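Only one structure is covered here, and it is reproduced in the block below.
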Amino acid sequence: MFEYLPIAPPDSILGLSDAFAKDPRPGKINLTVGVYKTEEGSTPILATVKKAEIKLLNTENTKGYMPIEGHLEYLKAVVGLVFSDQLDHGRVAAAQTPGGTGALRVGADMVAKHFPGTRIWLSNPTWANHGSIFQAAGLDTPVYKYLSADKTSLDFSGMVENLERDGRPGDLVCLHACCHNPTGIDPSLEQWAQISDLFAKKKMIPFVDFAYQGFGDGLMEDAKPLYSLLAKNPEVIVCSSFSKNFGLYSERVGAVMLVSADASRTEAALSQIRQAIRCNYSNPPRHGASTVAIILNDATLRAEWNAEVDAMRNRISQMRSMFIDGMKKTGIDRDFSFLQRQKGMFSYSGLNSMQADWLKNERGIYIVGTGRINVAGMAPQTMETLCQSIADCIKATT
């Protein structure tokens with residue numbers, strides 16, 4: 001039968017990374033894949049992760065299976081990190097998952113099995129993998145407006161209008177708690193409060209992708225939109241990833257958390273999460289979760305980790321500022337200051353697919369065709385080249 005298998009199309013972003021790796025030009029720049037980079041272009045192992053791994057190596061005494069829901073100390077620490085003192089933690093059914101992607105799929109599988117016909121609304125645009133994950137689980141994926149026509153700001157009125165007019169009770173709405181991927185454009189806290197009120201009125205359920213905690217305004221500050229949702233909505237699904245803020249990309253460390261109206265419903269929710277996991281990957285890996293648990297449960301390591309997250313966030317912010325200033329210096333007749341209002345690793349640059357092709361072919365600069373750029377891929381030593389190349393591209397294509 002395998003001779004009838006067609007070749008699947010390459011992933012739009014990972015395919016660019018493959019092309020970049022094969023590009024022989026010495027001055028090439030990669031602003032595509034969503035990983036944090038240092039000024040030297042490496043994806044580092046955090047110092048706190050190294051310290052935790054040494055401690056783990058010296059104290060670990062088994063490689064046996066963990067419970068289906070995963071590392072219990074990790075889960076307790078993660079629930080505390082995400083929800084702080086905003087609710088009774090007994091309301092949260094939490095399970096460790098293989099990264100944020102695994103969390104999204106487990107949450108979707110559980111919903112699709114027990115609430116067939118459920119829809120999940122996605123922002124337009126959203127992370128390229130969201131649609132595939134939810135559709136594979138059997139959920140319909142209508143979209144709501146998000147990006148303004150000029151691709152530099154939030155179309156909040158369009159978002160509210162779509163969900164107000166077409167949303168149904170029981171619909172899920174996928175939201176990025178902070179650092180919206182791919183645009184970097186987040187609602188204000190006042191707008192989050194309006195979103196929370198709308199969901200409560202419509203009886204729609206927030207399904208929150210929390211992949212970048214700490215990369216927007218700070219670890220606690222980035223959770224405020226979630227707290228706004230919880231203030232009016234008794235049921236919320238939260239999917240966390242610790243790839244970015246712990247640098248544990250290849251360890252696949254995430255968590256899915258179902259918040260119920262009261263703690264009496266938690267065990268039933270957790271039992272159904274366990275079932276969704278059992279028929280998928282059975283139980284999660286130990287190493288990454290153990291590493292996170294050690295850091296979050298050690299006051300000294302946790303303070304050092306907070307500082308490391310702050311340093312990564314500050315570097316990204318500095319690259320935004322340098323890029324905006326660099327584009328001004330080129331004399332090009334286009335204002336890029338809107339990027340300063342965007343948050344996290346990603347930004348919509350306003351460049352189009354033709355310009356993305358020009359940059360790749362003419363200068364060896366790789367960005368996604370939508371104009372999305374990974375700001376963390378920028379570096380001071382290449383900033384002048386990057387800015388001048390974009391200025392030359394704009395002149396050549398407009």
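Ordering of the structure tokens sets the chain letters (A, B, ...); residue numbers start at 1 within each chain; ligands are numbered from 1 in the order shown.
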
Original post:
Which neighbours of A:Ala223 fall inside 12 Å, counting only C-alpha atoms, when residues of the same chain fewer than 4 positions from it are skipped, and could you give them as a VMD selection string?
Top reply: chain A and resid 79 to 86 176 to 179 189 192 208 to 219 227 to 230 238 240

Subject >> Contacts of stretch 148-158 of chain A within 12 Å, only C-alpha atoms, excl. fewer than 3 positions in-chain, as a ChimeraX atom specification >> reply: /A:123-125,143-145,161-166,180,182-188,190-192,194-195,335-343,347-352,370-372

Using N, CA and C atoms, can you export the residues from the last selection as a short mmCIF file (atom, residue, chain, number, x, y, z; two decimals), in the first residue's frame?
data_model
loop_
_atom_site.label_atom_id
_atom_site.label_comp_id
_atom_site.auth_asym_id
_atom_site.auth_seq_id
_atom_site.Cartn_x
_atom_site.Cartn_y
_atom_site.Cartn_z
N SER A 123 -7.83 32.82 15.83
CA SER A 123 -7.58 34.17 15.33
C SER A 123 -7.02 34.09 13.91
N ASN A 124 -7.28 35.13 13.14
CA ASN A 124 -6.76 35.21 11.76
C ASN A 124 -5.80 36.40 11.68
N PRO A 125 -4.46 36.08 11.71
CA PRO A 125 -3.82 34.76 11.66
C PRO A 125 -3.59 34.18 13.05
N VAL A 143 -12.81 31.09 12.08
CA VAL A 143 -11.81 32.09 12.44
C VAL A 143 -12.49 33.42 12.77
N TYR A 144 -11.82 34.18 13.63
CA TYR A 144 -12.28 35.53 13.95
C TYR A 144 -11.22 36.53 13.53
N LYS A 145 -11.66 37.74 13.21
CA LYS A 145 -10.73 38.78 12.79
C LYS A 145 -9.76 39.11 13.93
N GLU A 161 -16.92 41.77 17.03
CA GLU A 161 -18.09 41.64 16.16
C GLU A 161 -18.26 40.20 15.68
N ASN A 162 -17.17 39.57 15.25
CA ASN A 162 -17.25 38.17 14.79
C ASN A 162 -17.78 37.25 15.88
N LEU A 163 -17.20 37.34 17.08
CA LEU A 163 -17.55 36.43 18.15
C LEU A 163 -18.92 36.74 18.73
N GLU A 164 -19.28 38.03 18.76
CA GLU A 164 -20.60 38.44 19.26
C GLU A 164 -21.69 37.93 18.32
N ARG A 165 -21.46 38.06 17.02
CA ARG A 165 -22.49 37.70 16.04
C ARG A 165 -22.60 36.19 15.84
N ASP A 166 -21.46 35.50 15.75
CA ASP A 166 -21.47 34.11 15.30
C ASP A 166 -21.09 33.09 16.37
N HIS A 180 1.38 37.20 21.01
CA HIS A 180 0.63 36.53 19.96
C HIS A 180 1.55 36.06 18.83
N PRO A 182 1.44 34.67 15.11
CA PRO A 182 2.71 35.20 14.62
C PRO A 182 2.87 36.72 14.67
N THR A 183 1.91 37.48 15.19
CA THR A 183 1.94 38.93 14.96
C THR A 183 2.67 39.72 16.04
N GLY A 184 2.76 39.19 17.27
CA GLY A 184 3.30 39.97 18.37
C GLY A 184 2.34 41.02 18.89
N ILE A 185 1.11 41.02 18.39
CA ILE A 185 0.12 42.04 18.75
C ILE A 185 -0.85 41.45 19.78
N ASP A 186 -0.89 42.05 20.97
CA ASP A 186 -1.75 41.57 22.05
C ASP A 186 -2.83 42.59 22.37
N PRO A 187 -4.00 42.14 22.84
CA PRO A 187 -4.99 43.08 23.37
C PRO A 187 -4.45 43.79 24.61
N SER A 188 -4.96 44.98 24.88
CA SER A 188 -4.64 45.66 26.13
C SER A 188 -5.40 44.99 27.27
N GLU A 190 -7.48 46.36 29.21
CA GLU A 190 -8.87 46.81 29.12
C GLU A 190 -9.64 45.98 28.08
N GLN A 191 -8.99 45.67 26.99
CA GLN A 191 -9.63 44.84 25.96
C GLN A 191 -9.81 43.41 26.44
N TRP A 192 -8.84 42.90 27.21
CA TRP A 192 -9.01 41.56 27.78
C TRP A 192 -10.25 41.52 28.69
N GLN A 194 -12.94 43.23 28.33
CA GLN A 194 -14.11 43.18 27.44
C GLN A 194 -14.28 41.79 26.84
N ILE A 195 -13.17 41.16 26.48
CA ILE A 195 -13.22 39.80 25.95
C ILE A 195 -13.81 38.86 26.99
N ASP A 335 7.61 53.85 8.15
CA ASP A 335 7.76 53.92 9.60
C ASP A 335 7.56 52.54 10.22
N PHE A 336 8.58 52.03 10.88
CA PHE A 336 8.50 50.72 11.51
C PHE A 336 8.29 50.82 13.02
N SER A 337 7.93 52.00 13.53
CA SER A 337 7.81 52.17 14.98
C SER A 337 6.70 51.32 15.58
N PHE A 338 5.76 50.86 14.76
CA PHE A 338 4.68 50.01 15.28
C PHE A 338 5.22 48.73 15.90
N LEU A 339 6.43 48.29 15.50
CA LEU A 339 7.00 47.08 16.06
C LEU A 339 7.28 47.22 17.56
N GLN A 340 7.47 48.45 18.02
CA GLN A 340 7.75 48.66 19.44
C GLN A 340 6.55 48.29 20.30
N ARG A 341 5.35 48.34 19.74
CA ARG A 341 4.15 48.00 20.50
C ARG A 341 3.89 46.50 20.52
N GLN A 342 4.59 45.76 19.70
CA GLN A 342 4.42 44.31 19.65
C GLN A 342 5.30 43.65 20.71
N LYS A 343 4.95 42.43 21.09
CA LYS A 343 5.62 41.77 22.21
C LYS A 343 6.04 40.36 21.84
N SER A 347 7.09 39.28 15.26
CA SER A 347 6.44 40.51 14.81
C SER A 347 6.01 40.34 13.36
N TYR A 348 4.91 41.01 13.04
CA TYR A 348 4.55 41.17 11.63
C TYR A 348 5.25 42.44 11.15
N SER A 349 6.09 42.29 10.15
CA SER A 349 6.93 43.39 9.69
C SER A 349 6.22 44.30 8.69
N GLY A 350 5.10 43.83 8.13
CA GLY A 350 4.44 44.58 7.07
C GLY A 350 4.97 44.25 5.69
N LEU A 351 5.99 43.39 5.62
CA LEU A 351 6.53 42.97 4.32
C LEU A 351 5.63 41.88 3.74
N ASN A 352 5.56 41.82 2.41
CA ASN A 352 4.69 40.83 1.76
C ASN A 352 5.50 39.64 1.25
N THR A 370 4.48 35.52 5.14
CA THR A 370 3.47 36.44 5.68
C THR A 370 4.09 37.75 6.16
N GLY A 371 5.41 37.80 6.23
CA GLY A 371 6.09 38.95 6.79
C GLY A 371 6.46 38.79 8.25
N ARG A 372 6.14 37.63 8.82
CA ARG A 372 6.50 37.39 10.22
C ARG A 372 8.01 37.25 10.36
#

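The spacing separating atom CA of A:Gly15 from atom CA of A:Ala289 amounts to 29.6 Å.
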
**OP:** Go ahead and compute the interatomic distance for atom CA of A:Trp121 and atom CA of A:Glu267, in Å to one decimal.
**Re:** 27.2 Å

Subject >> Between atom CA of A:Met220 and atom CA of A:Ala311, distance in Å (one decimal) >> reply: 15.4 Å

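Each of A:Trp358, A:Thr330, A:Arg252, A:Leu104 was compared to A:Thr385 using only C-alpha atoms, and A:Thr330 turns out to be the nearest.
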
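Secondary structure from DSSP on the backbone puts helix (DSSP H, G or I) at the following positions of stretch 92-160 of chain A: Gly99, Gly100, Thr101, Gly102, Ala103, Leu104, Arg105, Val106, Gly107, Ala108, Asp109, Met110, Val111, Ala112, Lys113, His114, His130, Gly131, Ser132, Ile133, Phe134, Gln135, Ala136, Phe156, Ser157, Gly158, Met159 and Val160 of chain A.
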
Original post:
Skipping near chain neighbours, those fewer than 5 positions away, what residues fall within 12 Å of stretch 108-115 of chain A using only C-alpha atoms, listed as a VMD selection string?
Top reply: chain A and resid 101 to 103 120 130 to 141 170 to 174 205 207 to 208 237 to 239 256 to 258 268 to 280

Now that the selection is made, can you save its residues with N, CA and C atoms as a CSV table (one decimal), in the first residue's frame?
chain,number,residue,atom,x,y,z
A,101,THR,N,2.4,21.8,22.2
A,101,THR,CA,1.7,21.1,21.1
A,101,THR,C,0.9,19.9,21.7
A,102,GLY,N,1.6,19.2,22.5
A,102,GLY,CA,0.9,18.0,23.1
A,102,GLY,C,-0.2,18.5,24.0
A,103,ALA,N,-0.1,19.6,24.7
A,103,ALA,CA,-1.1,20.1,25.6
A,103,ALA,C,-2.3,20.5,24.8
A,120,ILE,N,-13.9,25.4,17.7
A,120,ILE,CA,-12.9,26.2,18.4
A,120,ILE,C,-12.5,27.3,17.4
A,130,HIS,N,-2.0,25.5,14.8
A,130,HIS,CA,-3.2,25.4,15.5
A,130,HIS,C,-4.3,24.7,14.7
A,131,GLY,N,-4.5,25.1,13.5
A,131,GLY,CA,-5.6,24.5,12.7
A,131,GLY,C,-5.4,23.0,12.5
A,132,SER,N,-4.2,22.6,12.2
A,132,SER,CA,-3.9,21.2,12.0
A,132,SER,C,-4.2,20.4,13.2
A,133,ILE,N,-3.8,20.9,14.4
A,133,ILE,CA,-4.0,20.2,15.6
A,133,ILE,C,-5.4,20.0,15.9
A,134,PHE,N,-6.2,21.0,15.9
A,134,PHE,CA,-7.6,21.0,16.3
A,134,PHE,C,-8.4,20.2,15.3
A,135,GLN,N,-8.1,20.4,14.0
A,135,GLN,CA,-8.9,19.6,13.0
A,135,GLN,C,-8.6,18.1,13.0
A,136,ALA,N,-7.3,17.8,13.4
A,136,ALA,CA,-7.0,16.4,13.5
A,136,ALA,C,-7.7,15.7,14.7
A,137,ALA,N,-8.0,16.5,15.7
A,137,ALA,CA,-8.8,16.0,16.8
A,137,ALA,C,-10.3,16.0,16.5
A,138,GLY,N,-10.7,16.5,15.4
A,138,GLY,CA,-12.1,16.5,15.0
A,138,GLY,C,-12.9,17.7,15.3
A,139,LEU,N,-12.3,18.8,15.6
A,139,LEU,CA,-13.0,20.1,15.9
A,139,LEU,C,-13.1,20.9,14.7
A,140,ASP,N,-14.2,21.6,14.5
A,140,ASP,CA,-14.3,22.6,13.4
A,140,ASP,C,-13.6,23.9,13.9
A,141,THR,N,-13.0,24.6,12.9
A,141,THR,CA,-12.1,25.8,13.3
A,141,THR,C,-12.5,27.0,12.5
A,170,GLY,N,-20.9,27.2,24.4
A,170,GLY,CA,-20.2,26.0,24.3
A,170,GLY,C,-19.0,26.0,23.3
A,171,ASP,N,-19.0,27.0,22.5
A,171,ASP,CA,-17.8,27.2,21.6
A,171,ASP,C,-16.6,27.5,22.4
A,172,LEU,N,-15.4,26.9,22.0
A,172,LEU,CA,-14.1,27.3,22.5
A,172,LEU,C,-13.6,28.4,21.7
A,173,VAL,N,-12.8,29.2,22.3
A,173,VAL,CA,-12.1,30.3,21.6
A,173,VAL,C,-10.6,30.2,21.9
A,174,CYS,N,-9.8,29.9,20.9
A,174,CYS,CA,-8.3,29.8,21.1
A,174,CYS,C,-7.7,31.3,21.2
A,205,ILE,N,-16.1,29.3,25.9
A,205,ILE,CA,-15.0,28.9,26.9
A,205,ILE,C,-13.6,29.2,26.3
A,207,PHE,N,-9.9,28.9,25.5
A,207,PHE,CA,-8.9,27.9,25.3
A,207,PHE,C,-7.5,28.6,25.1
A,208,VAL,N,-6.7,28.7,26.2
A,208,VAL,CA,-5.6,29.7,26.2
A,208,VAL,C,-4.3,29.0,25.9
A,237,ILE,N,-9.6,26.4,29.7
A,237,ILE,CA,-8.5,25.4,29.4
A,237,ILE,C,-7.3,26.2,29.1
A,238,VAL,N,-6.2,25.8,29.8
A,238,VAL,CA,-4.9,26.5,29.6
A,238,VAL,C,-3.8,25.5,29.1
A,239,CYS,N,-3.1,25.8,28.1
A,239,CYS,CA,-2.0,25.0,27.6
A,239,CYS,C,-0.7,25.7,27.7
A,256,VAL,N,-1.3,20.7,30.2
A,256,VAL,CA,-2.7,21.1,29.9
A,256,VAL,C,-3.4,21.2,31.2
A,257,MET,N,-4.2,22.2,31.4
A,257,MET,CA,-4.9,22.5,32.7
A,257,MET,C,-6.3,22.9,32.4
A,258,LEU,N,-7.2,22.1,33.0
A,258,LEU,CA,-8.7,22.3,32.8
A,258,LEU,C,-9.2,22.9,34.2
A,268,ALA,N,-13.2,14.1,37.9
A,268,ALA,CA,-13.7,13.7,36.7
A,268,ALA,C,-13.0,14.2,35.5
A,269,ALA,N,-12.7,15.5,35.5
A,269,ALA,CA,-11.9,16.1,34.4
A,269,ALA,C,-10.6,15.5,34.3
A,270,LEU,N,-9.9,15.2,35.4
A,270,LEU,CA,-8.6,14.6,35.3
A,270,LEU,C,-8.6,13.2,34.8
A,271,SER,N,-9.7,12.5,35.1
A,271,SER,CA,-9.8,11.1,34.7
A,271,SER,C,-10.0,11.1,33.1
A,272,GLN,N,-10.7,12.0,32.6
A,272,GLN,CA,-10.8,12.1,31.1
A,272,GLN,C,-9.6,12.6,30.4
A,273,ILE,N,-8.8,13.4,31.0
A,273,ILE,CA,-7.5,13.8,30.5
A,273,ILE,C,-6.6,12.6,30.5
A,274,ARG,N,-6.6,11.8,31.6
A,274,ARG,CA,-5.8,10.6,31.6
A,274,ARG,C,-6.2,9.6,30.4
A,275,GLN,N,-7.5,9.5,30.2
A,275,GLN,CA,-7.9,8.6,29.1
A,275,GLN,C,-7.3,9.1,27.7
A,276,ALA,N,-7.4,10.4,27.5
A,276,ALA,CA,-6.9,11.0,26.3
A,276,ALA,C,-5.4,10.8,26.1
A,277,ILE,N,-4.7,10.8,27.2
A,277,ILE,CA,-3.3,10.6,27.2
A,277,ILE,C,-2.9,9.1,27.0
A,278,ARG,N,-3.7,8.3,27.7
A,278,ARG,CA,-3.3,6.8,27.7
A,278,ARG,C,-3.4,6.3,26.3
A,279,CYS,N,-4.3,6.7,25.4
A,279,CYS,CA,-4.5,6.1,24.1
A,279,CYS,C,-3.6,6.9,23.1
A,280,ASN,N,-2.8,7.8,23.6
A,280,ASN,CA,-1.9,8.6,22.7
A,280,ASN,C,-0.5,8.2,23.0

For stretch 37-39 of chain A, list every protein, DNA or RNA residue within 12 Å, evaluated using only C-alpha atoms, and leave out those in the same chain fewer than 4 positions away; present the list as a PDB file with C-alpha atoms, in the first residue's frame.
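Saved the output as part10.pdb:
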ATOM      1  CA  ILE A  29      20.345  35.661   8.283  1.00  0.00           C
ATOM      2  CA  ASN A  30      17.549  33.401   9.567  1.00  0.00           C
ATOM      3  CA  LEU A  31      14.493  35.127  11.074  1.00  0.00           C
ATOM      4  CA  THR A  32      12.055  32.241  10.640  1.00  0.00           C
ATOM      5  CA  VAL A  33      11.952  29.427  13.236  1.00  0.00           C
ATOM      6  CA  THR A  43      20.025  28.631  21.321  1.00  0.00           C
ATOM      7  CA  PRO A  44      21.536  28.369  24.806  1.00  0.00           C
ATOM      8  CA  ILE A  45      20.995  26.018  27.694  1.00  0.00           C
ATOM      9  CA  LEU A  46      20.051  28.215  30.644  1.00  0.00           C
ATOM     10  CA  LYS A 244      10.893  29.157  25.459  1.00  0.00           C
ATOM     11  CA  GLY A 247      14.957  26.889  26.815  1.00  0.00           C
ATOM     12  CA  ALA A 311      17.482  38.934  30.264  1.00  0.00           C
ATOM     13  CA  MET A 312      15.980  37.093  27.275  1.00  0.00           C
ATOM     14  CA  ARG A 313      12.969  39.400  27.204  1.00  0.00           C
ATOM     15  CA  ASN A 314      15.155  42.493  27.468  1.00  0.00           C
ATOM     16  CA  ARG A 315      17.402  41.341  24.617  1.00  0.00           C
ATOM     17  CA  ILE A 316      14.371  40.884  22.359  1.00  0.00           C
ATOM     18  CA  GLN A 318      16.553  45.846  22.534  1.00  0.00           C
ATOM     19  CA  MET A 319      16.585  44.199  19.111  1.00  0.00           C
ATOM     20  CA  MET A 345       9.761  36.851  19.801  1.00  0.00           C
ATOM     21  CA  ASN A 374      11.642  36.282  14.697  1.00  0.00           C
ATOM     22  CA  VAL A 375      13.060  39.332  16.468  1.00  0.00           C
ATOM     23  CA  ALA A 376      15.206  37.069  18.646  1.00  0.00           C
ATOM     24  CA  GLY A 377      17.075  36.055  15.480  1.00  0.00           C
ATOM     25  CA  MET A 378      18.406  39.607  15.083  1.00  0.00           C
ATOM     26  CA  ALA A 379      21.864  40.572  16.324  1.00  0.00           C
ATOM     27  CA  PRO A 380      23.720  43.899  16.695  1.00  0.00           C
ATOM     28  CA  GLN A 381      26.547  42.822  14.394  1.00  0.00           C
ATOM     29  CA  THR A 382      24.170  42.102  11.498  1.00  0.00           C
ATOM     30  CA  MET A 383      21.570  44.806  12.158  1.00  0.00           C
TER      31      MET A 383
END

Subject >> Shell around A:Asn283 at 7 Å using only C-alpha atoms, local window under 6 positions removed, as a list in words >> reply: Met66, Pro67, Ile68, Glu69, Gly70 and Ile277 of chain A

Write out the residues from the selection above, keeping C-alpha atoms, as a PDB file, in the first residue's frame.
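Okay, result.pdb is ready:
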ATOM      1  CA  MET A  66       5.562   8.147  35.786  1.00  0.00           C
ATOM      2  CA  PRO A  67       1.796   8.423  36.348  1.00  0.00           C
ATOM      3  CA  ILE A  68      -0.282   9.052  33.239  1.00  0.00           C
ATOM      4  CA  GLU A  69      -0.694  12.706  34.237  1.00  0.00           C
ATOM      5  CA  GLY A  70       3.036  13.052  34.761  1.00  0.00           C
ATOM      6  CA  ILE A 277      -3.252  10.615  27.173  1.00  0.00           C
TER       7      ILE A 277
END

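All residues of protein, DNA or RNA that reach within 12 Å of A:Pro26, judged by only C-alpha atoms and not counting those fewer than 3 positions away in the chain, are Phe20, Ala21, Lys22, Asp23, Ile29, Asn30, Arg363, Gly364, Ile365 and Thr382 of chain A.
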
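The nearest approach to A:Val259 among the residues A:Ala93, A:Met354, A:Ile295, A:Ile332, with only C-alpha atoms taken into account, belongs to A:Ala93.
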
Original post:
Which neighbours of A:Leu56 fall inside 10 Å, counting only C-alpha atoms, when residues of the same chain fewer than 5 positions from it are skipped, and could you give them as JSON, numbers by chain?
Top reply: {"A": [50, 51, 61, 287, 290, 291, 294]}

Subject >> Minimum-distance residue to A:Lys28, chosen among A:Leu386, A:Ala396, A:Val236, A:Leu301 (using only C-alpha atoms) >> reply: A:Leu386

**OP:** Step one, run DSSP on the backbone; step two, keep only residues of stretch 50-133 of chain A assigned to strand (DSSP E); then write them as a list in words.
**Re:** Val92, Ala93, Ala94, Ala95, Gln96, Thr97, Ile120, Trp121, Leu122, Ser123 and Asn124 of chain A
